[in-house]
$ cat work-v4.cif   # mmCIF, C-alpha atoms and all ligand atoms
data_data
#
loop_
_atom_site.label_atom_id
_atom_site.label_comp_id
_atom_site.auth_asym_id
_atom_site.auth_seq_id
_atom_site.Cartn_x
_atom_site.Cartn_y
_atom_site.Cartn_z
CA MET A 780 -31.01 181.98 -55.46
CA ASN A 781 -30.41 179.86 -52.36
CA PHE A 782 -34.07 178.83 -52.07
CA GLU A 783 -36.84 177.56 -54.31
CA ILE A 784 -40.60 177.97 -54.08
CA ILE A 785 -42.68 175.25 -55.74
CA PRO A 786 -46.17 176.70 -56.13
CA GLY A 787 -49.17 174.86 -54.74
CA SER A 788 -52.89 175.18 -55.25
CA PRO A 789 -54.38 178.68 -54.82
CA GLN A 790 -56.76 176.98 -52.35
CA SER A 791 -54.03 175.54 -50.16
CA PRO A 792 -53.09 177.28 -46.89
CA VAL A 793 -50.25 174.76 -46.34
CA ILE A 794 -46.57 175.57 -46.83
CA LEU A 795 -44.07 172.72 -46.50
CA HIS A 796 -40.80 174.28 -45.36
CA VAL A 797 -37.68 172.19 -46.06
CA PRO A 798 -34.64 173.98 -44.59
CA HIS A 799 -31.95 171.33 -44.23
CA ALA A 800 -32.12 168.94 -47.20
CA SER A 801 -29.31 170.34 -49.36
CA ARG A 802 -25.58 169.57 -49.35
CA PHE A 803 -24.70 172.39 -51.74
CA ILE A 804 -22.09 174.94 -50.64
CA PRO A 805 -20.96 177.67 -53.08
CA SER A 806 -17.19 177.55 -53.72
CA GLU A 807 -16.44 180.90 -52.07
CA VAL A 808 -18.23 179.75 -48.92
CA ARG A 809 -16.49 176.37 -49.08
CA ALA A 810 -13.11 178.13 -49.26
CA GLU A 811 -13.66 179.55 -45.77
CA ILE A 812 -14.59 176.21 -44.21
CA GLN A 813 -11.53 174.60 -42.69
CA LEU A 814 -12.34 170.93 -43.16
CA SER A 815 -10.81 168.53 -45.66
CA ASP A 816 -13.16 167.26 -48.38
CA ALA A 817 -13.53 163.96 -46.50
CA GLU A 818 -14.26 165.71 -43.20
CA LEU A 819 -16.78 167.99 -44.91
CA ALA A 820 -18.52 165.01 -46.53
CA ALA A 821 -18.82 163.34 -43.12
CA GLU A 822 -20.16 166.54 -41.55
CA LEU A 823 -22.72 166.88 -44.36
CA ASP A 824 -23.77 163.25 -43.86
CA SER A 825 -24.34 164.00 -40.22
CA MET A 826 -26.00 167.42 -40.49
CA THR A 827 -28.08 167.23 -43.68
CA ASP A 828 -31.74 166.22 -43.40
CA SER A 829 -31.16 163.92 -46.35
CA LYS A 830 -34.05 163.35 -48.74
CA THR A 831 -36.53 165.48 -46.81
CA ASP A 832 -37.01 167.53 -50.01
CA GLU A 833 -38.04 164.35 -51.85
CA ILE A 834 -40.40 163.43 -48.99
CA ALA A 835 -42.06 166.86 -49.19
CA ILE A 836 -42.34 166.85 -52.98
CA ALA A 837 -43.79 163.32 -52.99
CA ALA A 838 -46.35 164.19 -50.30
CA ALA A 839 -47.34 167.34 -52.19
CA GLY A 840 -47.77 165.28 -55.35
CA LYS A 841 -50.12 162.86 -53.58
CA SER A 842 -52.20 165.62 -52.00
CA GLU A 843 -55.67 166.36 -53.30
CA ILE A 844 -55.09 170.06 -52.72
CA ARG A 845 -51.44 170.63 -53.50
CA PRO A 846 -49.52 172.49 -50.76
CA TRP A 847 -46.82 175.07 -51.43
CA ILE A 848 -43.20 174.06 -50.88
CA PHE A 849 -40.33 176.30 -49.77
CA ILE A 850 -36.95 174.55 -50.07
CA ASN A 851 -33.52 175.71 -48.96
CA ARG A 852 -31.30 174.76 -51.92
CA TYR A 853 -28.07 175.50 -50.00
CA SER A 854 -26.60 173.54 -47.13
CA ARG A 855 -27.30 174.64 -43.57
CA LEU A 856 -23.50 175.01 -43.26
CA VAL A 857 -23.85 178.17 -45.41
CA ILE A 858 -26.50 179.72 -43.16
CA ASP A 859 -29.10 177.96 -41.02
CA PRO A 860 -32.41 179.70 -41.76
CA GLU A 861 -34.01 178.25 -38.62
CA ARG A 862 -31.65 179.89 -36.15
CA PHE A 863 -32.04 183.40 -34.78
CA PRO A 864 -29.33 185.65 -36.28
CA ASP A 865 -28.69 187.24 -32.87
CA ASP A 866 -28.31 186.64 -29.12
CA ARG A 867 -31.70 184.92 -28.77
CA GLU A 868 -30.23 181.78 -30.33
CA ILE A 869 -29.52 179.09 -27.73
CA MET A 870 -27.23 177.20 -30.15
CA ASN A 871 -24.82 180.13 -30.17
CA LYS A 872 -23.36 178.69 -27.01
CA VAL A 873 -22.09 175.65 -28.92
CA GLY A 874 -20.99 177.72 -31.93
CA MET A 875 -23.97 176.73 -34.05
CA GLY A 876 -26.07 179.86 -34.50
CA ALA A 877 -27.25 181.13 -37.89
CA VAL A 878 -23.65 180.91 -39.19
CA TYR A 879 -21.97 177.87 -37.68
CA ARG A 880 -18.50 178.27 -36.13
CA LYS A 881 -18.30 174.66 -34.98
CA THR A 882 -19.09 171.24 -36.42
CA SER A 883 -21.49 168.70 -34.95
CA THR A 884 -18.49 167.14 -33.16
CA GLY A 885 -17.28 170.48 -31.79
CA LYS A 886 -14.37 171.00 -34.21
CA ASP A 887 -13.74 174.40 -35.79
CA LEU A 888 -15.82 174.66 -38.98
CA ARG A 889 -14.67 178.20 -39.69
CA PRO A 890 -11.50 179.97 -38.55
CA ALA A 891 -11.50 181.50 -35.07
CA ASP A 892 -11.03 184.96 -36.63
CA PHE A 893 -13.89 184.47 -39.13
CA ARG A 894 -15.51 187.87 -39.79
CA HIS A 895 -17.85 187.16 -42.73
CA GLU A 896 -20.98 186.37 -40.77
CA ASN A 897 -22.78 189.55 -41.75
CA PRO A 898 -22.12 189.20 -45.48
CA LEU A 899 -23.45 185.61 -45.32
CA LEU A 900 -26.54 186.76 -43.46
CA ASP A 901 -27.09 189.61 -45.94
CA LEU A 902 -26.62 187.40 -48.98
CA TYR A 903 -28.54 184.33 -47.89
CA PHE A 904 -30.29 184.53 -44.51
CA TYR A 905 -32.35 187.70 -44.80
CA PRO A 906 -33.51 187.23 -48.43
CA TYR A 907 -34.64 183.70 -47.49
CA ALA A 908 -36.51 184.92 -44.42
CA ILE A 909 -38.22 187.69 -46.40
CA ALA A 910 -39.26 185.34 -49.22
CA LEU A 911 -40.79 182.87 -46.79
CA GLU A 912 -42.50 185.64 -44.87
CA THR A 913 -43.93 186.94 -48.17
CA LEU A 914 -45.24 183.50 -49.10
CA VAL A 915 -46.96 183.20 -45.71
CA SER A 916 -48.38 186.74 -46.09
CA ASP A 917 -49.80 185.85 -49.49
CA ARG A 918 -51.60 182.75 -48.14
CA LEU A 919 -52.90 184.78 -45.23
CA GLU A 920 -54.20 187.49 -47.51
CA VAL A 921 -55.87 185.14 -49.99
CA LEU A 922 -57.24 182.53 -47.58
CA GLY A 923 -57.24 184.14 -44.15
CA GLY A 924 -54.87 181.53 -42.76
CA ALA A 925 -51.55 179.79 -43.36
CA THR A 926 -50.07 176.63 -41.89
CA ILE A 927 -46.35 175.89 -42.07
CA ILE A 928 -45.26 172.27 -41.80
CA ASP A 929 -41.53 172.34 -41.05
CA VAL A 930 -40.06 169.18 -42.62
CA HIS A 931 -36.89 167.80 -40.96
CA SER A 932 -35.12 164.59 -40.10
CA TYR A 933 -32.66 163.82 -37.33
CA ARG A 934 -29.91 161.30 -36.80
CA PRO A 935 -30.54 158.21 -34.67
CA GLU A 936 -27.35 159.05 -32.72
CA GLN A 937 -27.07 162.29 -30.78
CA HIS A 938 -24.54 164.80 -32.13
CA GLN A 939 -21.70 165.30 -29.65
CA ASN A 940 -21.89 169.10 -29.92
CA ALA A 941 -25.52 169.65 -28.87
CA VAL A 942 -27.67 171.17 -26.15
CA ASN A 943 -30.27 168.40 -25.91
CA HIS A 944 -28.46 165.39 -24.48
CA GLY A 945 -30.18 162.43 -22.87
CA GLN A 946 -33.62 162.78 -24.42
CA ARG A 947 -35.82 160.22 -26.12
CA ARG A 948 -35.39 159.77 -29.87
CA PRO A 949 -38.78 158.68 -31.22
CA ALA A 950 -39.62 157.80 -34.83
CA ILE A 951 -41.35 161.17 -35.09
CA CYS A 952 -40.69 164.21 -32.94
CA ILE A 953 -43.39 166.85 -33.28
CA GLY A 954 -42.16 170.37 -32.60
CA THR A 955 -44.74 172.89 -31.44
CA ASP A 956 -45.06 176.51 -30.42
CA GLU A 957 -47.34 177.55 -27.58
CA PHE A 958 -48.85 180.38 -29.60
CA HIS A 959 -48.75 179.08 -33.18
CA THR A 960 -49.59 175.38 -32.87
CA SER A 961 -53.22 174.55 -32.12
CA LYS A 962 -54.22 171.47 -30.16
CA TYR A 963 -56.03 170.32 -33.28
CA LEU A 964 -52.83 170.50 -35.32
CA ILE A 965 -50.83 168.54 -32.70
CA GLU A 966 -53.47 165.83 -32.47
CA SER A 967 -53.69 165.66 -36.26
CA ALA A 968 -49.92 165.18 -36.53
CA GLU A 969 -49.93 162.47 -33.87
CA ARG A 970 -52.67 160.64 -35.74
CA SER A 971 -51.10 161.08 -39.18
CA PHE A 972 -47.63 159.94 -38.15
CA SER A 973 -48.69 156.98 -36.03
CA ILE A 974 -48.09 154.81 -39.12
CA VAL A 975 -44.36 155.69 -38.93
CA GLY A 976 -43.87 154.74 -35.26
CA ASP A 977 -43.84 156.36 -31.84
CA THR A 978 -44.28 160.13 -31.57
CA PHE A 979 -43.23 162.57 -28.87
CA THR A 980 -43.80 166.29 -28.67
CA ASN A 981 -40.80 168.62 -28.44
CA GLU A 982 -38.35 165.83 -27.69
CA PRO A 983 -35.50 165.74 -28.59
CA TYR A 984 -36.17 168.91 -30.66
CA SER A 985 -38.62 171.63 -29.81
CA GLY A 986 -40.26 174.53 -31.56
CA THR A 987 -41.24 175.17 -35.15
CA TYR A 988 -40.55 177.87 -37.73
CA VAL A 989 -42.64 181.04 -37.76
CA PRO A 990 -41.56 184.16 -39.68
CA LEU A 991 -40.57 186.79 -37.12
CA LYS A 992 -43.10 189.28 -38.49
CA PHE A 993 -45.91 187.04 -37.25
CA TYR A 994 -44.21 185.47 -34.26
CA GLY A 995 -46.35 185.74 -31.14
CA ILE A 996 -48.68 188.19 -32.90
CA GLU A 997 -50.74 186.51 -35.64
CA PRO A 998 -52.55 183.34 -34.51
CA ARG A 999 -53.84 182.70 -38.04
CA VAL A 1000 -50.27 181.71 -38.89
CA GLN A 1001 -50.01 178.15 -37.62
CA SER A 1002 -46.88 176.02 -37.61
CA ILE A 1003 -45.79 172.52 -36.68
CA MET A 1004 -42.48 170.71 -37.10
CA MET A 1005 -42.00 167.08 -38.12
CA GLU A 1006 -38.60 165.68 -37.16
CA THR A 1007 -38.47 162.19 -38.58
CA ARG A 1008 -35.74 159.92 -37.20
CA ALA A 1009 -33.65 159.26 -40.31
CA ASP A 1010 -33.50 155.46 -40.02
CA THR A 1011 -37.28 155.28 -40.49
CA PHE A 1012 -36.88 156.27 -44.14
CA VAL A 1013 -33.20 156.30 -45.25
CA GLY A 1014 -30.55 153.60 -45.01
CA ALA A 1015 -26.89 153.92 -43.96
CA ASN A 1016 -26.16 155.09 -47.55
CA LEU A 1017 -28.64 157.96 -47.00
CA GLU A 1018 -30.85 156.69 -49.83
CA LEU A 1019 -34.58 156.20 -49.34
CA HIS A 1020 -35.71 152.74 -48.26
CA GLU A 1021 -39.21 151.23 -48.20
CA GLY A 1022 -40.06 153.07 -44.96
CA ALA A 1023 -40.15 156.32 -46.94
CA SER A 1024 -43.64 155.50 -48.24
CA ARG A 1025 -45.01 155.56 -44.68
CA VAL A 1026 -43.41 158.94 -43.97
CA ILE A 1027 -44.81 160.31 -47.25
CA ASP A 1028 -48.26 158.91 -46.48
CA GLY A 1029 -48.13 160.36 -42.97
CA LEU A 1030 -47.24 163.80 -44.27
CA THR A 1031 -49.88 163.58 -47.02
CA ASP A 1032 -52.45 162.71 -44.36
CA LEU A 1033 -51.42 165.64 -42.17
CA ILE A 1034 -51.66 168.03 -45.14
CA SER A 1035 -55.22 166.80 -45.76
CA ARG A 1036 -56.20 167.39 -42.12
CA VAL A 1037 -55.17 171.04 -42.06
CA LYS A 1038 -58.30 173.09 -41.90
CA MET A 1039 -58.97 176.67 -42.64
CA ASN A 1040 -58.64 179.29 -39.99
CA ASP A 1041 -62.11 179.41 -38.45
CA GLU A 1042 -62.48 175.67 -38.07
CA ARG A 1043 -59.12 174.95 -36.55
CA LEU A 1044 -58.61 177.46 -33.77
CA ASP A 1045 -59.29 175.90 -30.38
ZN ZN B 1101 -33.42 169.93 -39.71
#
$ encode --input "work-v4.cif" --output "structure tokens" --more "lines below"
Ligand SMILES: [Zn+2]
Amino acid sequence: MNFEIIPGSPQSPVILHVPHASRFIPSEVRAEIQLSDAELAAELDSMTDSKTDEIAIAAAGKSEIRPWIFINRYSRLVIDPERFPDDREIMNKVGMGAVYRKTSTGKDLRPADFRHENPLLDLYFYPYAIALETLVSDRLEVLGGATIIDVHSYRPEQHQNAVNHGQRRPAICIGTDEFHTSKYLIESAERSFSIVGDTFTNEPYSGTYVPLKFYGIEPRVQSIMMETRADTFVGANLELHEGASRVIDGLTDLISRVKMNDERLD
């Protein structure tokens, strides 16, 4: 299985979604990536949200009411679960849709005549999306509400092959959705993460994950993204440094502020 669900408290409406923490690539998928081992390691250093799984697990462990955790256990170079698998995806134009064709520097990741996108989507993308949708449905059914906190990090330096050049790069970028992120949730995140540093909304990354079944339809499914600038909690070696405790405390605080459906809608 390319994903793992770590169960939380039956009383918790919160799901921590960790899509980009893994470096694992199955050998048959690796065989179709045309980078040397050294180039691939450098690309993984650049593209992986290193240690965000440990941040999420630590914050869950410190939470009074333990949230659920949904972790992608495969690298985003296999499939990126946060991209649309079709023409809606803006990153398609730089070759980085659900199945990447290009690297973060614009080199060819897969051959120009690569034709295995659909098998990768069928094997990994759709089962992942369905499992996460099911987890959200379950919370909704049991508690009448679900809140996804999308846990990411981003590099201090802008990737060359990107669509969001020239924007600010704060300690914490909070990604929101007009329909699925309440004002209360945004203000809670700003308060919780102020111990990490400056926060901006939707800059340099915007949006947050919502299963398509609920997207734009079910306001009781709430979602917010935390994009933590990597240097606030990992060093150049991509290992956690002392700043990690502030990021964990910030996330723990945000988890505790999430309220049930009736109280939190504006
Ligand atoms: Zn990410």
$ residues_around --input "work-v4.cif" --residues "Ser825 of chain A" --least-positions-apart "5" --cutoff "9 Å" --atoms "all atoms listed in the file" --output "list of chain:residue names"
A:Ala820, A:Ser883, A:Tyr933, A:Arg934, A:His938
$ residues_near_ligand --input "work-v4.cif" --ligand "ligand ZN 1101 (chain B)" --cutoff "12 Å" --atoms "only C-alpha atoms and all ligand atoms" --output "CSV table (one decimal) with C-alpha atoms, keeping the file's coordinate frame"
chain,number,residue,atom,x,y,z
A,796,HIS,CA,-40.8,174.3,-45.4
A,797,VAL,CA,-37.7,172.2,-46.1
A,798,PRO,CA,-34.6,174.0,-44.6
A,799,HIS,CA,-32.0,171.3,-44.2
A,800,ALA,CA,-32.1,168.9,-47.2
A,801,SER,CA,-29.3,170.3,-49.4
A,825,SER,CA,-24.3,164.0,-40.2
A,826,MET,CA,-26.0,167.4,-40.5
A,827,THR,CA,-28.1,167.2,-43.7
A,828,ASP,CA,-31.7,166.2,-43.4
A,829,SER,CA,-31.2,163.9,-46.4
A,830,LYS,CA,-34.0,163.4,-48.7
A,831,THR,CA,-36.5,165.5,-46.8
A,832,ASP,CA,-37.0,167.5,-50.0
A,850,ILE,CA,-37.0,174.6,-50.1
A,851,ASN,CA,-33.5,175.7,-49.0
A,854,SER,CA,-26.6,173.5,-47.1
A,855,ARG,CA,-27.3,174.6,-43.6
A,856,LEU,CA,-23.5,175.0,-43.3
A,859,ASP,CA,-29.1,178.0,-41.0
A,860,PRO,CA,-32.4,179.7,-41.8
A,861,GLU,CA,-34.0,178.2,-38.6
A,862,ARG,CA,-31.6,179.9,-36.2
A,929,ASP,CA,-41.5,172.3,-41.0
A,930,VAL,CA,-40.1,169.2,-42.6
A,931,HIS,CA,-36.9,167.8,-41.0
A,932,SER,CA,-35.1,164.6,-40.1
A,933,TYR,CA,-32.7,163.8,-37.3
A,934,ARG,CA,-29.9,161.3,-36.8
A,952,CYS,CA,-40.7,164.2,-32.9
A,954,GLY,CA,-42.2,170.4,-32.6
A,984,TYR,CA,-36.2,168.9,-30.7
A,985,SER,CA,-38.6,171.6,-29.8
A,986,GLY,CA,-40.3,174.5,-31.6
A,987,THR,CA,-41.2,175.2,-35.2
A,988,TYR,CA,-40.6,177.9,-37.7
A,1004,MET,CA,-42.5,170.7,-37.1
A,1005,MET,CA,-42.0,167.1,-38.1
A,1006,GLU,CA,-38.6,165.7,-37.2
A,1007,THR,CA,-38.5,162.2,-38.6
A,1008,ARG,CA,-35.7,159.9,-37.2
A,1009,ALA,CA,-33.6,159.3,-40.3
$ atom_distance --input "work-v4.cif" --atom1 "atom CA of Phe993 of chain A" --atom2 "atom CA of Glu912 of chain A"
8.5 Å
$ residues_near_point --input "work-v4.cif" --point "(-36.8, 154.8, -42.7)" --cutoff "12 Å" --atoms "all atoms listed in the file" --output "PyMOL selection string"
chain A and resi 829-831+834+932-935+950-951+974-976+1007-1027
$ atom_distance --input "work-v4.cif" --atom1 "atom CA of Gly924 of chain A" --atom2 "atom CA of Tyr907 of chain A"
20.9 Å
$ closest_residue --input "work-v4.cif" --among "A:Thr913, A:Thr926, A:Pro983, A:Asp824" --to "Arg947 of chain A" --atoms "all atoms listed in the file"
A:Pro983
$ atom_distance --input "work-v4.cif" --atom1 "atom CA of Asp887 of chain A" --atom2 "atom CA of Leu819 of chain A"
11.6 Å
$ residues_around --input "work-v4.cif" --residues "Pro898 of chain A" --least-positions-apart "5" --cutoff "12 Å" --atoms "only C-alpha atoms" --output "PyMOL selection string"
chain A and resi 808+857-858+878+893+903-906
$ residues_around --input "work-v4.cif" --residues "Pro792 of chain A" --least-positions-apart "6" --cutoff "12 Å" --atoms "all atoms listed in the file" --output "MDAnalysis selection string"
chainID A and resid 786 844:848 914:928 999:1002 1034:1040
$ write_last_selection --input "work-v4.cif" --atoms "C-alpha atoms" --output "PDB file, in the coordinates of the input"
ATOM      1  CA  PRO A 786     -46.170 176.700 -56.130  1.00  0.00           C
ATOM      2  CA  ILE A 844     -55.090 170.060 -52.720  1.00  0.00           C
ATOM      3  CA  ARG A 845     -51.440 170.630 -53.500  1.00  0.00           C
ATOM      4  CA  PRO A 846     -49.520 172.490 -50.760  1.00  0.00           C
ATOM      5  CA  TRP A 847     -46.820 175.070 -51.430  1.00  0.00           C
ATOM      6  CA  ILE A 848     -43.200 174.060 -50.880  1.00  0.00           C
ATOM      7  CA  LEU A 914     -45.240 183.500 -49.100  1.00  0.00           C
ATOM      8  CA  VAL A 915     -46.960 183.200 -45.710  1.00  0.00           C
ATOM      9  CA  SER A 916     -48.380 186.740 -46.090  1.00  0.00           C
ATOM     10  CA  ASP A 917     -49.800 185.850 -49.490  1.00  0.00           C
ATOM     11  CA  ARG A 918     -51.600 182.750 -48.140  1.00  0.00           C
ATOM     12  CA  LEU A 919     -52.900 184.780 -45.230  1.00  0.00           C
ATOM     13  CA  GLU A 920     -54.200 187.490 -47.510  1.00  0.00           C
ATOM     14  CA  VAL A 921     -55.870 185.140 -49.990  1.00  0.00           C
ATOM     15  CA  LEU A 922     -57.240 182.530 -47.580  1.00  0.00           C
ATOM     16  CA  GLY A 923     -57.240 184.140 -44.150  1.00  0.00           C
ATOM     17  CA  GLY A 924     -54.870 181.530 -42.760  1.00  0.00           C
ATOM     18  CA  ALA A 925     -51.550 179.790 -43.360  1.00  0.00           C
ATOM     19  CA  THR A 926     -50.070 176.630 -41.890  1.00  0.00           C
ATOM     20  CA  ILE A 927     -46.350 175.890 -42.070  1.00  0.00           C
ATOM     21  CA  ILE A 928     -45.260 172.270 -41.800  1.00  0.00           C
ATOM     22  CA  ARG A 999     -53.840 182.700 -38.040  1.00  0.00           C
ATOM     23  CA  VAL A1000     -50.270 181.710 -38.890  1.00  0.00           C
ATOM     24  CA  GLN A1001     -50.010 178.150 -37.620  1.00  0.00           C
ATOM     25  CA  SER A1002     -46.880 176.020 -37.610  1.00  0.00           C
ATOM     26  CA  ILE A1034     -51.660 168.030 -45.140  1.00  0.00           C
ATOM     27  CA  SER A1035     -55.220 166.800 -45.760  1.00  0.00           C
ATOM     28  CA  ARG A1036     -56.200 167.390 -42.120  1.00  0.00           C
ATOM     29  CA  VAL A1037     -55.170 171.040 -42.060  1.00  0.00           C
ATOM     30  CA  LYS A1038     -58.300 173.090 -41.900  1.00  0.00           C
ATOM     31  CA  MET A1039     -58.970 176.670 -42.640  1.00  0.00           C
ATOM     32  CA  ASN A1040     -58.640 179.290 -39.990  1.00  0.00           C
TER      33      ASN A1040
END
$ build_atoms --input "work-v4.cif" --residues "segment 839-861 of chain A" --atoms "N, CA and C atoms" --output "PDB file, in the frame of the given file"
ATOM      1  N   ALA A 839     -46.580 166.303 -51.473  1.00  0.00           N
ATOM      2  CA  ALA A 839     -47.340 167.340 -52.190  1.00  0.00           C
ATOM      3  C   ALA A 839     -48.006 166.738 -53.424  1.00  0.00           C
ATOM      4  N   GLY A 840     -47.261 165.894 -54.135  1.00  0.00           N
ATOM      5  CA  GLY A 840     -47.770 165.280 -55.350  1.00  0.00           C
ATOM      6  C   GLY A 840     -48.959 164.364 -55.094  1.00  0.00           C
ATOM      7  N   LYS A 841     -49.010 163.773 -53.902  1.00  0.00           N
ATOM      8  CA  LYS A 841     -50.120 162.860 -53.580  1.00  0.00           C
ATOM      9  C   LYS A 841     -51.314 163.590 -52.973  1.00  0.00           C
ATOM     10  N   SER A 842     -51.146 164.875 -52.695  1.00  0.00           N
ATOM     11  CA  SER A 842     -52.200 165.620 -52.000  1.00  0.00           C
ATOM     12  C   SER A 842     -53.295 166.067 -52.951  1.00  0.00           C
ATOM     13  N   GLU A 843     -54.526 165.959 -52.492  1.00  0.00           N
ATOM     14  CA  GLU A 843     -55.670 166.360 -53.300  1.00  0.00           C
ATOM     15  C   GLU A 843     -55.612 167.858 -53.598  1.00  0.00           C
ATOM     16  N   ILE A 844     -55.327 168.630 -52.531  1.00  0.00           N
ATOM     17  CA  ILE A 844     -55.090 170.060 -52.720  1.00  0.00           C
ATOM     18  C   ILE A 844     -53.602 170.292 -52.478  1.00  0.00           C
ATOM     19  N   ARG A 845     -52.895 170.625 -53.549  1.00  0.00           N
ATOM     20  CA  ARG A 845     -51.440 170.630 -53.500  1.00  0.00           C
ATOM     21  C   ARG A 845     -50.907 171.770 -52.616  1.00  0.00           C
ATOM     22  N   PRO A 846     -50.088 171.436 -51.608  1.00  0.00           N
ATOM     23  CA  PRO A 846     -49.520 172.490 -50.760  1.00  0.00           C
ATOM     24  C   PRO A 846     -48.370 173.203 -51.479  1.00  0.00           C
ATOM     25  N   TRP A 847     -47.981 174.343 -50.955  1.00  0.00           N
ATOM     26  CA  TRP A 847     -46.820 175.070 -51.430  1.00  0.00           C
ATOM     27  C   TRP A 847     -45.577 174.480 -50.779  1.00  0.00           C
ATOM     28  N   ILE A 848     -44.440 174.581 -51.471  1.00  0.00           N
ATOM     29  CA  ILE A 848     -43.200 174.060 -50.880  1.00  0.00           C
ATOM     30  C   ILE A 848     -42.124 175.143 -50.955  1.00  0.00           C
ATOM     31  N   PHE A 849     -41.449 175.343 -49.840  1.00  0.00           N
ATOM     32  CA  PHE A 849     -40.330 176.300 -49.770  1.00  0.00           C
ATOM     33  C   PHE A 849     -39.096 175.505 -49.376  1.00  0.00           C
ATOM     34  N   ILE A 850     -38.125 175.411 -50.296  1.00  0.00           N
ATOM     35  CA  ILE A 850     -36.950 174.550 -50.070  1.00  0.00           C
ATOM     36  C   ILE A 850     -35.673 175.372 -50.021  1.00  0.00           C
ATOM     37  N   ASN A 851     -34.872 175.151 -48.985  1.00  0.00           N
ATOM     38  CA  ASN A 851     -33.520 175.710 -48.960  1.00  0.00           C
ATOM     39  C   ASN A 851     -32.648 174.875 -49.902  1.00  0.00           C
ATOM     40  N   ARG A 852     -32.124 175.495 -50.952  1.00  0.00           N
ATOM     41  CA  ARG A 852     -31.300 174.760 -51.920  1.00  0.00           C
ATOM     42  C   ARG A 852     -29.816 174.812 -51.587  1.00  0.00           C
ATOM     43  N   TYR A 853     -29.458 175.483 -50.478  1.00  0.00           N
ATOM     44  CA  TYR A 853     -28.070 175.500 -50.000  1.00  0.00           C
ATOM     45  C   TYR A 853     -27.995 174.757 -48.671  1.00  0.00           C
ATOM     46  N   SER A 854     -26.813 174.261 -48.389  1.00  0.00           N
ATOM     47  CA  SER A 854     -26.600 173.540 -47.130  1.00  0.00           C
ATOM     48  C   SER A 854     -26.795 174.466 -45.922  1.00  0.00           C
ATOM     49  N   ARG A 855     -27.201 173.880 -44.823  1.00  0.00           N
ATOM     50  CA  ARG A 855     -27.300 174.640 -43.570  1.00  0.00           C
ATOM     51  C   ARG A 855     -25.934 175.083 -43.062  1.00  0.00           C
ATOM     52  N   LEU A 856     -24.849 174.541 -43.638  1.00  0.00           N
ATOM     53  CA  LEU A 856     -23.500 175.010 -43.260  1.00  0.00           C
ATOM     54  C   LEU A 856     -23.197 176.373 -43.874  1.00  0.00           C
ATOM     55  N   VAL A 857     -24.004 176.816 -44.857  1.00  0.00           N
ATOM     56  CA  VAL A 857     -23.850 178.170 -45.410  1.00  0.00           C
ATOM     57  C   VAL A 857     -24.483 179.159 -44.419  1.00  0.00           C
ATOM     58  N   ILE A 858     -25.790 179.084 -44.259  1.00  0.00           N
ATOM     59  CA  ILE A 858     -26.500 179.720 -43.160  1.00  0.00           C
ATOM     60  C   ILE A 858     -27.597 178.754 -42.743  1.00  0.00           C
ATOM     61  N   ASP A 859     -27.975 178.776 -41.461  1.00  0.00           N
ATOM     62  CA  ASP A 859     -29.100 177.960 -41.020  1.00  0.00           C
ATOM     63  C   ASP A 859     -30.309 178.873 -40.865  1.00  0.00           C
ATOM     64  N   PRO A 860     -31.275 178.764 -41.778  1.00  0.00           N
ATOM     65  CA  PRO A 860     -32.410 179.700 -41.760  1.00  0.00           C
ATOM     66  C   PRO A 860     -33.289 179.554 -40.527  1.00  0.00           C
ATOM     67  N   GLU A 861     -33.127 178.463 -39.775  1.00  0.00           N
ATOM     68  CA  GLU A 861     -34.010 178.250 -38.620  1.00  0.00           C
ATOM     69  C   GLU A 861     -33.419 178.772 -37.318  1.00  0.00           C
TER      70      GLU A 861
END
